[in-house]
>>> print(open('work.cif').read())   # mmCIF, C-alpha atoms and all ligand atoms
data_final
#
loop_
_atom_site.label_atom_id
_atom_site.label_comp_id
_atom_site.auth_asym_id
_atom_site.auth_seq_id
_atom_site.Cartn_x
_atom_site.Cartn_y
_atom_site.Cartn_z
CA MET A 1 -12.94 156.80 54.48
CA GLY A 2 -10.41 159.47 55.30
CA ARG A 3 -7.25 158.97 57.24
CA LYS A 4 -7.38 158.45 60.97
CA LYS A 5 -6.26 161.29 63.23
CA ILE A 6 -3.87 160.79 66.10
CA ALA A 7 -3.12 163.36 68.79
CA LEU A 8 0.27 162.94 70.45
CA VAL A 9 0.16 165.04 73.60
CA GLY A 10 3.71 165.73 74.76
CA GLY A 11 6.32 166.28 72.09
CA GLY A 12 9.46 165.30 74.00
CA GLN A 13 11.55 162.16 73.65
CA ILE A 14 8.69 159.66 73.51
CA GLY A 15 6.39 162.01 71.58
CA GLY A 16 8.96 162.37 68.79
CA ILE A 17 9.37 158.61 68.38
CA LEU A 18 5.59 158.18 68.45
CA ALA A 19 5.31 160.62 65.55
CA LEU A 20 8.00 158.76 63.63
CA LEU A 21 6.28 155.41 64.16
CA CYS A 22 2.85 156.80 63.20
CA ALA A 23 4.41 157.96 59.95
CA GLN A 24 6.37 154.79 59.23
CA LYS A 25 3.39 152.57 59.97
CA GLN A 26 0.99 154.90 58.15
CA LEU A 27 -1.38 154.77 61.09
CA GLY A 28 -2.94 158.15 60.43
CA ASN A 29 -2.27 161.87 60.35
CA ALA A 30 -0.63 162.89 63.60
CA ILE A 31 -0.35 166.18 65.44
CA VAL A 32 2.27 166.54 68.16
CA PHE A 33 1.05 168.82 70.96
CA ASP A 34 3.16 170.53 73.57
CA ILE A 35 2.99 173.66 75.71
CA PRO A 36 2.66 176.91 73.67
CA GLU A 37 6.30 177.85 74.46
CA LYS A 38 7.44 174.70 72.66
CA GLU A 39 5.20 174.99 69.62
CA GLY A 40 8.15 175.72 67.33
CA PHE A 41 10.04 172.75 68.74
CA VAL A 42 7.23 170.28 67.96
CA GLN A 43 6.57 171.89 64.59
CA GLY A 44 10.24 171.35 63.82
CA LYS A 45 10.07 167.67 64.79
CA ALA A 46 6.94 167.13 62.72
CA LEU A 47 8.42 168.87 59.69
CA ASP A 48 11.65 166.90 60.01
CA ILE A 49 9.65 163.65 59.85
CA MET A 50 7.53 164.98 56.95
CA GLU A 51 10.78 165.50 55.07
CA MET A 52 11.96 161.94 55.64
CA ARG A 53 8.75 160.43 54.22
CA PRO A 54 10.19 160.03 50.71
CA SER A 55 12.71 157.59 52.20
CA PHE A 56 10.02 155.18 53.31
CA GLY A 57 7.27 156.21 50.91
CA GLY A 58 4.74 157.40 53.45
CA ASP A 59 2.06 159.98 52.78
CA ILE A 60 0.55 160.73 56.15
CA ASP A 61 0.70 164.28 57.43
CA LEU A 62 2.42 165.42 60.60
CA ALA A 63 2.13 168.75 62.35
CA GLY A 64 3.10 170.29 65.66
CA SER A 65 0.94 172.60 67.76
CA GLY A 66 0.64 174.36 71.08
CA ASP A 67 -3.11 174.76 70.59
CA PHE A 68 -5.12 171.92 72.11
CA SER A 69 -8.26 172.86 70.16
CA LYS A 70 -6.60 171.23 67.16
CA MET A 71 -7.19 167.86 68.87
CA ALA A 72 -10.78 168.02 67.64
CA GLY A 73 -11.80 164.89 65.77
CA SER A 74 -8.88 162.75 66.95
CA ASP A 75 -9.50 158.99 66.91
CA VAL A 76 -6.62 158.25 69.27
CA VAL A 77 -4.84 160.35 71.89
CA ILE A 78 -1.49 159.22 73.24
CA VAL A 79 -0.37 161.16 76.31
CA THR A 80 3.29 161.54 77.24
CA ALA A 81 3.04 165.08 78.59
CA GLY A 82 4.94 165.35 81.85
CA LEU A 83 8.36 165.11 83.40
CA PRO A 84 10.50 161.99 82.98
CA ARG A 85 12.77 160.57 85.69
CA LYS A 86 16.35 161.58 86.36
CA PRO A 87 18.88 159.27 88.03
CA GLY A 88 17.96 158.64 91.66
CA MET A 89 14.26 159.34 91.14
CA SER A 90 11.46 156.81 91.37
CA ARG A 91 8.43 157.08 89.12
CA ASP A 92 6.41 158.11 92.18
CA ASP A 93 8.64 161.17 92.66
CA LEU A 94 7.02 162.61 89.52
CA LEU A 95 3.51 162.57 90.94
CA ASN A 96 3.06 166.14 92.09
CA VAL A 97 4.23 167.77 88.87
CA ASN A 98 2.65 165.32 86.49
CA ILE A 99 -0.78 165.26 88.13
CA LYS A 100 -1.23 168.92 87.24
CA ILE A 101 -0.15 168.32 83.65
CA ILE A 102 -2.44 165.28 83.27
CA SER A 103 -5.34 167.32 84.65
CA ASP A 104 -4.84 169.99 81.97
CA VAL A 105 -4.59 167.36 79.26
CA ALA A 106 -7.68 165.49 80.51
CA GLU A 107 -9.70 168.70 80.40
CA ALA A 108 -8.64 169.41 76.82
CA VAL A 109 -9.29 165.87 75.60
CA LYS A 110 -12.72 165.88 77.20
CA LYS A 111 -13.52 169.16 75.51
CA TYR A 112 -12.11 168.56 72.06
CA CYS A 113 -12.22 164.83 71.31
CA PRO A 114 -14.48 163.07 73.80
CA LYS A 115 -14.74 159.92 71.66
CA ALA A 116 -11.00 159.30 71.28
CA PHE A 117 -9.32 156.13 72.53
CA CYS A 118 -6.82 157.39 75.12
CA ILE A 119 -3.49 155.75 75.87
CA ILE A 120 -1.61 157.22 78.83
CA LEU A 121 2.17 156.87 79.29
CA THR A 122 2.99 159.59 81.80
CA ASN A 123 4.46 158.29 85.07
CA PRO A 124 3.71 157.25 87.73
CA LEU A 125 1.62 155.36 85.21
CA ASP A 126 -0.98 153.51 87.24
CA ALA A 127 -1.91 156.69 89.13
CA MET A 128 -1.82 159.02 86.10
CA VAL A 129 -4.16 156.82 84.05
CA TYR A 130 -6.46 156.64 87.09
CA VAL A 131 -6.49 160.44 87.31
CA PHE A 132 -7.14 160.82 83.60
CA LYS A 133 -10.11 158.43 83.79
CA LYS A 134 -11.52 160.15 86.88
CA LEU A 135 -11.27 163.65 85.43
CA THR A 136 -12.62 162.84 81.98
CA GLY A 137 -15.35 160.51 83.22
CA PHE A 138 -14.83 158.53 80.00
CA PRO A 139 -15.99 154.89 79.97
CA LYS A 140 -13.33 152.43 81.13
CA ASN A 141 -12.91 150.83 77.69
CA GLN A 142 -11.77 154.22 76.34
CA VAL A 143 -8.87 154.91 78.75
CA VAL A 144 -5.88 152.60 79.10
CA GLY A 145 -2.35 152.83 80.44
CA MET A 146 0.78 151.73 78.59
CA ALA A 147 3.08 149.75 80.83
CA GLY A 148 2.48 146.01 80.51
CA VAL A 149 3.39 145.85 76.83
CA LEU A 150 6.70 147.53 77.62
CA ASP A 151 7.38 145.43 80.73
CA THR A 152 6.52 142.26 78.79
CA ASN A 153 8.70 143.34 75.87
CA ARG A 154 11.60 143.90 78.24
CA PHE A 155 11.15 140.43 79.73
CA LYS A 156 11.01 138.90 76.23
CA ALA A 157 14.11 140.84 75.17
CA PHE A 158 16.10 139.56 78.15
CA VAL A 159 14.95 135.97 77.53
CA SER A 160 15.98 136.18 73.88
CA MET A 161 19.37 137.65 74.87
CA GLU A 162 19.91 134.85 77.39
CA LEU A 163 18.83 131.98 75.14
CA GLY A 164 20.06 133.38 71.84
CA VAL A 165 16.67 132.79 70.21
CA SER A 166 14.32 135.05 68.25
CA VAL A 167 12.15 137.37 70.33
CA GLN A 168 9.39 136.59 67.86
CA ASP A 169 8.89 133.15 69.37
CA ILE A 170 8.75 134.24 72.98
CA SER A 171 5.36 134.61 74.62
CA ALA A 172 5.14 136.12 78.10
CA LEU A 173 3.05 138.18 80.47
CA VAL A 174 4.01 140.70 83.14
CA LEU A 175 1.21 141.69 85.52
CA GLY A 176 0.85 144.47 88.05
CA GLY A 177 1.91 148.04 88.58
CA HIS A 178 4.55 149.76 86.45
CA GLY A 179 7.28 149.80 89.05
CA PRO A 180 9.67 147.55 90.93
CA THR A 181 6.80 145.42 92.30
CA MET A 182 5.60 144.25 88.87
CA VAL A 183 4.99 140.51 88.51
CA PRO A 184 6.56 138.64 85.57
CA LEU A 185 4.58 135.38 85.26
CA VAL A 186 7.60 133.23 84.50
CA ARG A 187 5.54 130.05 84.91
CA LEU A 188 3.46 130.94 81.84
CA ALA A 189 6.24 132.11 79.50
CA THR A 190 6.94 129.96 76.45
CA VAL A 191 9.59 129.87 73.73
CA GLY A 192 8.13 128.49 70.52
CA GLY A 193 5.59 126.60 72.63
CA VAL A 194 8.21 125.17 75.01
CA PRO A 195 7.79 126.27 78.64
CA LEU A 196 10.56 128.72 79.54
CA ILE A 197 10.97 127.05 82.95
CA GLU A 198 12.24 123.96 81.11
CA LEU A 199 14.88 125.96 79.26
CA LEU A 200 16.50 128.04 81.99
CA PRO A 201 17.47 127.27 85.59
CA ALA A 202 15.67 129.01 88.47
CA ASP A 203 18.50 131.44 89.23
CA LYS A 204 18.61 132.69 85.64
CA LEU A 205 14.83 133.11 85.59
CA GLU A 206 14.99 135.02 88.84
CA ALA A 207 17.69 137.31 87.45
CA ILE A 208 15.64 138.01 84.31
CA SER A 209 12.55 138.84 86.38
CA LYS A 210 14.55 141.17 88.58
CA ARG A 211 16.17 142.90 85.64
CA THR A 212 12.72 143.34 84.03
CA ALA A 213 11.33 145.00 87.15
CA GLU A 214 14.32 147.38 87.24
CA ALA A 215 14.68 147.80 83.47
CA GLY A 216 13.42 151.38 83.40
CA THR A 217 15.79 152.36 86.19
CA GLU A 218 18.71 150.65 84.41
CA ILE A 219 18.08 152.89 81.40
CA VAL A 220 17.57 156.05 83.50
CA LYS A 221 21.01 155.42 85.03
CA LEU A 222 22.67 154.85 81.66
CA LEU A 223 21.08 157.83 79.92
CA GLY A 224 21.91 160.14 82.79
CA ASN A 225 19.26 162.67 81.84
CA GLY A 226 15.80 161.29 81.07
CA SER A 227 14.16 157.90 80.74
CA ALA A 228 13.56 155.25 78.09
CA PHE A 229 11.82 156.51 74.98
CA PHE A 230 12.18 154.16 72.01
CA SER A 231 10.64 151.11 73.67
CA PRO A 232 7.78 152.94 75.43
CA ALA A 233 6.82 154.57 72.13
CA ALA A 234 6.84 151.25 70.28
CA ALA A 235 4.68 149.64 72.97
CA ALA A 236 2.11 152.44 72.79
CA ILE A 237 1.99 152.15 69.01
CA ASP A 238 1.21 148.41 69.31
CA MET A 239 -1.83 149.39 71.39
CA ALA A 240 -2.93 152.19 69.05
CA GLU A 241 -2.54 149.96 66.02
CA SER A 242 -4.61 147.17 67.58
CA TYR A 243 -7.39 149.70 68.20
CA LEU A 244 -7.25 151.41 64.81
CA LEU A 245 -7.07 148.16 62.83
CA ASP A 246 -9.41 146.26 65.19
CA LYS A 247 -6.68 143.62 65.52
CA LYS A 248 -7.95 142.36 68.87
CA ARG A 249 -4.43 141.74 70.12
CA VAL A 250 -4.01 140.39 73.62
CA LEU A 251 -1.71 142.89 75.34
CA ALA A 252 -0.78 143.53 78.94
CA CYS A 253 -2.09 147.02 79.74
CA ALA A 254 -3.11 149.05 82.76
CA ALA A 255 -6.90 148.61 82.73
CA LEU A 256 -9.53 149.67 85.23
CA LEU A 257 -10.50 146.56 87.18
CA GLU A 258 -13.97 146.12 88.57
CA GLY A 259 -13.77 142.79 90.31
CA GLU A 260 -11.35 140.98 88.01
CA TYR A 261 -8.44 139.44 89.93
CA GLY A 262 -10.39 140.40 93.07
CA ILE A 263 -9.40 144.07 92.49
CA ASN A 264 -11.88 146.89 92.40
CA GLY A 265 -11.51 150.49 91.26
CA TYR A 266 -7.79 150.52 90.37
CA TYR A 267 -5.83 150.60 87.14
CA ILE A 268 -3.25 147.85 87.09
CA GLY A 269 -1.46 145.77 84.45
CA VAL A 270 -3.46 142.77 83.20
CA PRO A 271 -3.91 141.07 79.82
CA VAL A 272 -6.66 142.74 77.78
CA ILE A 273 -8.08 142.50 74.28
CA ILE A 274 -7.74 145.76 72.35
CA GLY A 275 -9.93 146.20 69.29
CA ALA A 276 -12.30 148.73 67.75
CA GLY A 277 -14.19 148.80 71.05
CA GLY A 278 -11.07 149.92 72.91
CA VAL A 279 -10.33 147.73 75.92
CA GLU A 280 -12.86 145.07 74.94
CA LYS A 281 -12.15 142.52 77.64
CA VAL A 282 -9.89 141.79 80.58
CA LEU A 283 -8.58 138.23 80.48
CA GLU A 284 -8.30 136.52 83.84
CA VAL A 285 -5.68 133.88 84.50
CA SER A 286 -5.60 131.61 87.55
CA LEU A 287 -2.64 132.38 89.75
CA THR A 288 -0.66 130.30 92.22
CA ALA A 289 -0.63 131.34 95.88
CA GLU A 290 2.81 132.92 95.39
CA GLU A 291 1.70 134.87 92.32
CA LYS A 292 -1.42 136.04 94.16
CA ALA A 293 0.75 137.34 96.98
CA ALA A 294 2.97 139.16 94.49
CA LEU A 295 -0.09 140.72 92.85
CA ALA A 296 -1.40 141.82 96.27
CA ASN A 297 1.97 143.42 96.93
CA THR A 298 2.02 145.34 93.63
CA LEU A 299 -1.60 146.42 94.25
CA GLU A 300 -0.55 147.91 97.59
CA ALA A 301 2.13 149.96 95.83
CA VAL A 302 -0.41 151.22 93.27
CA LYS A 303 -2.96 152.03 95.99
CA LYS A 304 -0.38 154.06 97.87
CA THR A 305 0.40 156.23 94.83
CA VAL A 306 -3.25 156.59 93.90
CA ALA A 307 -4.05 157.71 97.45
CA GLU A 308 -1.54 160.53 97.01
CA THR A 309 -3.56 161.87 94.09
CA LYS A 310 -6.39 162.56 96.58
CA LEU A 311 -8.96 161.77 93.87
N1 LIG A 401 0.84 169.88 77.75
C1 LIG A 401 1.55 169.33 76.74
N2 LIG A 401 2.81 168.96 76.86
C2 LIG A 401 3.41 169.13 78.03
C3 LIG A 401 2.75 169.71 79.13
C4 LIG A 401 1.40 170.10 78.96
N3 LIG A 401 0.68 170.64 79.95
N4 LIG A 401 3.62 169.75 80.16
C5 LIG A 401 4.78 169.25 79.74
N5 LIG A 401 4.66 168.87 78.44
C6 LIG A 401 5.68 168.32 77.55
C7 LIG A 401 7.08 168.86 77.84
O1 LIG A 401 7.23 170.19 77.37
C8 LIG A 401 7.93 167.84 77.08
O2 LIG A 401 8.20 168.24 75.76
O3 LIG A 401 5.82 166.93 77.72
C9 LIG A 401 7.06 166.58 77.08
C10 LIG A 401 7.69 165.43 77.84
O4 LIG A 401 8.83 165.05 77.14
P1 LIG A 401 10.18 164.57 77.84
O5 LIG A 401 10.51 165.51 78.93
O6 LIG A 401 11.19 164.35 76.77
O7 LIG A 401 9.75 163.18 78.51
P2 LIG A 401 9.59 161.73 77.82
O8 LIG A 401 10.85 160.99 77.93
O9 LIG A 401 8.93 161.86 76.50
O10 LIG A 401 8.57 161.05 78.89
C11 LIG A 401 7.27 161.57 79.06
O11 LIG A 401 6.34 159.48 79.80
O12 LIG A 401 7.35 157.45 80.31
C12 LIG A 401 6.83 158.64 80.81
O13 LIG A 401 8.13 158.93 82.81
C13 LIG A 401 7.91 159.43 81.51
O14 LIG A 401 6.37 160.91 82.58
C14 LIG A 401 7.30 160.78 81.51
C15 LIG A 401 6.55 160.83 80.17
#
>>> encode(input="work.cif", output="structure tokens")
Amino acid sequence: MGRKKIALVGGGQIGGILALLCAQKQLGNAIVFDIPEKEGFVQGKALDIMEMRPSFGGDIDLAGSGDFSKMAGSDVVIVTAGLPRKPGMSRDDLLNVNIKIISDVAEAVKKYCPKAFCIILTNPLDAMVYVFKKLTGFPKNQVVGMAGVLDTNRFKAFVSMELGVSVQDISALVLGGHGPTMVPLVRLATVGGVPLIELLPADKLEAISKRTAEAGTEIVKLLGNGSAFFSPAAAAIDMAESYLLDKKRVLACAALLEGEYGINGYYIGVPVIIGAGGVEKVLEVSLTAEEKAALANTLEAVKKTVAETKL
């Protein structure tokens, strides 16, 4: 069996880290795609990573291209093409520009690698993954949005910082849209099997949930020009790896719901199993009345953005 092929569409901040992680984890040969005007830029990034391979002993190949036809035969496509936020912008402010870009990418993926497992990162996430699915017409198990893994990782990071314990032992789940209405399920979080609610007082838990929901904005403000890129890339690679290695990890992802959680026809963050079949299953968890209300609220936010796509 030859190496797997990964198409990284968008060779900016996140795209570069994705390429690095593909190489370090030996996931497969990766091509970084960008607009033709930036072909040299992505070729430079790919070559730079090729030249660092002796340091970690990797052999996979990386290349950069402005020619989408080179996507042919890709097993996985990870899409970050599109504008990131600047300070003062919400993810929804990106909609009009990014919808056009996602449409172009969807057309190319449909044409050149119609069997690829597609992971979308471009914001506003829940609407962009919806658009990509609509325009490709791919089955729902083949198109997923990266948001929940990142939101959950942020929650876990803040818990570990607060408690001074290893992130490895923290288990948590953040549901909902990728925006300020997301729903960290604090009630279900555990630290080495111990319920988190027994380890921290309510005000601290509230502060961690709030910081999680605003974590992307916190980084946008600090960076001053662009949005988070290391952690989104790492989260997408967890998803790609689970697919390529059929790991069947349970990860929070934006998945198309058809009745689960009482939601129909929208992409929203829920726990799913990712394996060789793509999004193999959506796991449903019973929610309290308060959590249900929070999920209804985040769904409204997603619906509003999706309505603006007019698709
Ligand atoms: N095809 C391919 N690449 C494109 C296209 C297109 N049609 N349009 C734009 N791009 C490229 C840009 O040229 C740029 O190199 O997408 C890249 C985006 O990179 P950055 O601007 O550095 O943005 P990044 O931080 O990587 O975020 C990308 O992911 O998390 C989201 O909100 C974020 O929507 C943003 C996306």
>>> closest_residue(input="work.cif", among="A:Ala240, A:Ala72, A:Ile101, A:Leu8", to="ligand LIG 401 (chain A)", atoms="all atoms listed in the file")
A:Ile101
>>> residues_around(input="work.cif", residues="Leu196 in chain A", least_positions_apart="5", cutoff="10 Å", atoms="all atoms listed in the file", output="PyMOL selection string")
chain A and resi 159+163+170-172+186-191+201+205
>>> residues_around(input="work.cif", residues="range 107-121 of chain A", least_positions_apart="4", cutoff="10 Å", atoms="all atoms listed in the file", output="PyMOL selection string")
chain A and resi 5-9+14+67-82+102-103+125-126+128-130+132-133+135-139+141-147+232-233+235-237+239-240+243-244+253-254+276-279
>>> write_last_selection(input="work.cif", atoms="C-alpha atoms", output="PDB file, in the frame of the given file")
ATOM      1  CA  LYS A   5      -6.260 161.290  63.230  1.00  0.00           C
ATOM      2  CA  ILE A   6      -3.870 160.790  66.100  1.00  0.00           C
ATOM      3  CA  ALA A   7      -3.120 163.360  68.790  1.00  0.00           C
ATOM      4  CA  LEU A   8       0.270 162.940  70.450  1.00  0.00           C
ATOM      5  CA  VAL A   9       0.160 165.040  73.600  1.00  0.00           C
ATOM      6  CA  ILE A  14       8.690 159.660  73.510  1.00  0.00           C
ATOM      7  CA  ASP A  67      -3.110 174.760  70.590  1.00  0.00           C
ATOM      8  CA  PHE A  68      -5.120 171.920  72.110  1.00  0.00           C
ATOM      9  CA  SER A  69      -8.260 172.860  70.160  1.00  0.00           C
ATOM     10  CA  LYS A  70      -6.600 171.230  67.160  1.00  0.00           C
ATOM     11  CA  MET A  71      -7.190 167.860  68.870  1.00  0.00           C
ATOM     12  CA  ALA A  72     -10.780 168.020  67.640  1.00  0.00           C
ATOM     13  CA  GLY A  73     -11.800 164.890  65.770  1.00  0.00           C
ATOM     14  CA  SER A  74      -8.880 162.750  66.950  1.00  0.00           C
ATOM     15  CA  ASP A  75      -9.500 158.990  66.910  1.00  0.00           C
ATOM     16  CA  VAL A  76      -6.620 158.250  69.270  1.00  0.00           C
ATOM     17  CA  VAL A  77      -4.840 160.350  71.890  1.00  0.00           C
ATOM     18  CA  ILE A  78      -1.490 159.220  73.240  1.00  0.00           C
ATOM     19  CA  VAL A  79      -0.370 161.160  76.310  1.00  0.00           C
ATOM     20  CA  THR A  80       3.290 161.540  77.240  1.00  0.00           C
ATOM     21  CA  ALA A  81       3.040 165.080  78.590  1.00  0.00           C
ATOM     22  CA  GLY A  82       4.940 165.350  81.850  1.00  0.00           C
ATOM     23  CA  ILE A 102      -2.440 165.280  83.270  1.00  0.00           C
ATOM     24  CA  SER A 103      -5.340 167.320  84.650  1.00  0.00           C
ATOM     25  CA  LEU A 125       1.620 155.360  85.210  1.00  0.00           C
ATOM     26  CA  ASP A 126      -0.980 153.510  87.240  1.00  0.00           C
ATOM     27  CA  MET A 128      -1.820 159.020  86.100  1.00  0.00           C
ATOM     28  CA  VAL A 129      -4.160 156.820  84.050  1.00  0.00           C
ATOM     29  CA  TYR A 130      -6.460 156.640  87.090  1.00  0.00           C
ATOM     30  CA  PHE A 132      -7.140 160.820  83.600  1.00  0.00           C
ATOM     31  CA  LYS A 133     -10.110 158.430  83.790  1.00  0.00           C
ATOM     32  CA  LEU A 135     -11.270 163.650  85.430  1.00  0.00           C
ATOM     33  CA  THR A 136     -12.620 162.840  81.980  1.00  0.00           C
ATOM     34  CA  GLY A 137     -15.350 160.510  83.220  1.00  0.00           C
ATOM     35  CA  PHE A 138     -14.830 158.530  80.000  1.00  0.00           C
ATOM     36  CA  PRO A 139     -15.990 154.890  79.970  1.00  0.00           C
ATOM     37  CA  ASN A 141     -12.910 150.830  77.690  1.00  0.00           C
ATOM     38  CA  GLN A 142     -11.770 154.220  76.340  1.00  0.00           C
ATOM     39  CA  VAL A 143      -8.870 154.910  78.750  1.00  0.00           C
ATOM     40  CA  VAL A 144      -5.880 152.600  79.100  1.00  0.00           C
ATOM     41  CA  GLY A 145      -2.350 152.830  80.440  1.00  0.00           C
ATOM     42  CA  MET A 146       0.780 151.730  78.590  1.00  0.00           C
ATOM     43  CA  ALA A 147       3.080 149.750  80.830  1.00  0.00           C
ATOM     44  CA  PRO A 232       7.780 152.940  75.430  1.00  0.00           C
ATOM     45  CA  ALA A 233       6.820 154.570  72.130  1.00  0.00           C
ATOM     46  CA  ALA A 235       4.680 149.640  72.970  1.00  0.00           C
ATOM     47  CA  ALA A 236       2.110 152.440  72.790  1.00  0.00           C
ATOM     48  CA  ILE A 237       1.990 152.150  69.010  1.00  0.00           C
ATOM     49  CA  MET A 239      -1.830 149.390  71.390  1.00  0.00           C
ATOM     50  CA  ALA A 240      -2.930 152.190  69.050  1.00  0.00           C
ATOM     51  CA  TYR A 243      -7.390 149.700  68.200  1.00  0.00           C
ATOM     52  CA  LEU A 244      -7.250 151.410  64.810  1.00  0.00           C
ATOM     53  CA  CYS A 253      -2.090 147.020  79.740  1.00  0.00           C
ATOM     54  CA  ALA A 254      -3.110 149.050  82.760  1.00  0.00           C
ATOM     55  CA  ALA A 276     -12.300 148.730  67.750  1.00  0.00           C
ATOM     56  CA  GLY A 277     -14.190 148.800  71.050  1.00  0.00           C
ATOM     57  CA  GLY A 278     -11.070 149.920  72.910  1.00  0.00           C
ATOM     58  CA  VAL A 279     -10.330 147.730  75.920  1.00  0.00           C
TER      59      VAL A 279
END
>>> residues_near_ligand(input="work.cif", ligand="ligand LIG 401 (chain A)", cutoff="6 Å", atoms="all atoms listed in the file", output="PyMOL selection string")
chain A and resi 9-15+33-35+80-85+101+104+121-123+226-227+229
>>> residues_around(input="work.cif", residues="Pro87 in chain A", least_positions_apart="4", cutoff="7 Å", atoms="all atoms listed in the file", output="ChimeraX atom specification")
/A:220-221,224
>>> write_last_selection(input="work.cif", atoms="C-alpha atoms", output="compact mmCIF listing (two decimals), keeping the file's coordinate frame")
# COMPACT_ATOMS: atom_id res chain seq x y z
CA VAL A 220 17.57 156.05 83.50
CA LYS A 221 21.01 155.42 85.03
CA GLY A 224 21.91 160.14 82.79
>>> closest_residue(input="work.cif", among="A:Ala207, A:Ile60, A:Met182, A:Ile17", to="Glu162 in chain A", atoms="all atoms listed in the file")
A:Ala207
>>> closest_residue(input="work.cif", among="A:Lys134, A:Lys204, A:Lys4, A:Lys140", to="Leu256 in chain A", atoms="all atoms listed in the file")
A:Lys140
>>> residues_around(input="work.cif", residues="Lys25 in chain A", least_positions_apart="5", cutoff="12 Å", atoms="only C-alpha atoms", output="PyMOL selection string")
chain A and resi 17-20+30+53+56-60+234+237-238+240-241+244-245
>>> closest_residue(input="work.cif", among="A:Glu308, A:Val131, A:Glu280, A:Ala213", to="Gly265 in chain A", atoms="all atoms listed in the file")
A:Val131
>>> build_atoms(input="work.cif", residues="range 290-295 of chain A", atoms="all heavy atoms", output="CSV table (one decimal), in the frame of the given file")
chain,number,residue,atom,x,y,z
A,290,GLU,N,1.7,132.0,95.4
A,290,GLU,CA,2.8,132.9,95.4
A,290,GLU,C,2.6,134.1,94.4
A,290,GLU,O,2.9,135.3,94.8
A,290,GLU,CB,4.0,132.1,94.9
A,290,GLU,CG,5.4,132.7,95.3
A,290,GLU,CD,6.5,131.9,94.8
A,290,GLU,OE1,6.3,130.6,94.7
A,290,GLU,OE2,7.5,132.4,94.4
A,291,GLU,N,2.0,133.8,93.3
A,291,GLU,CA,1.7,134.9,92.3
A,291,GLU,C,0.6,135.8,92.9
A,291,GLU,O,0.7,137.0,92.7
A,291,GLU,CB,1.2,134.3,91.0
A,291,GLU,CG,2.4,133.6,90.2
A,291,GLU,CD,1.9,132.6,89.2
A,291,GLU,OE1,0.7,132.3,89.1
A,291,GLU,OE2,2.7,132.0,88.5
A,292,LYS,N,-0.4,135.2,93.6
A,292,LYS,CA,-1.4,136.0,94.2
A,292,LYS,C,-0.8,137.0,95.2
A,292,LYS,O,-1.2,138.2,95.3
A,292,LYS,CB,-2.5,135.2,94.9
A,292,LYS,CG,-3.5,134.6,93.9
A,292,LYS,CD,-4.6,133.8,94.7
A,292,LYS,CE,-5.5,133.1,93.7
A,292,LYS,NZ,-6.1,131.9,94.3
A,293,ALA,N,0.1,136.5,96.0
A,293,ALA,CA,0.8,137.3,97.0
A,293,ALA,C,1.5,138.5,96.3
A,293,ALA,O,1.5,139.6,96.8
A,293,ALA,CB,1.7,136.5,97.9
A,294,ALA,N,2.2,138.1,95.2
A,294,ALA,CA,3.0,139.2,94.5
A,294,ALA,C,2.0,140.2,93.9
A,294,ALA,O,2.3,141.4,93.9
A,294,ALA,CB,3.8,138.5,93.4
A,295,LEU,N,0.9,139.8,93.4
A,295,LEU,CA,-0.1,140.7,92.8
A,295,LEU,C,-0.7,141.6,94.0
A,295,LEU,O,-0.8,142.8,93.8
A,295,LEU,CB,-1.2,140.0,92.1
A,295,LEU,CG,-2.2,140.8,91.3
A,295,LEU,CD1,-1.5,141.6,90.2
A,295,LEU,CD2,-3.3,140.0,90.7
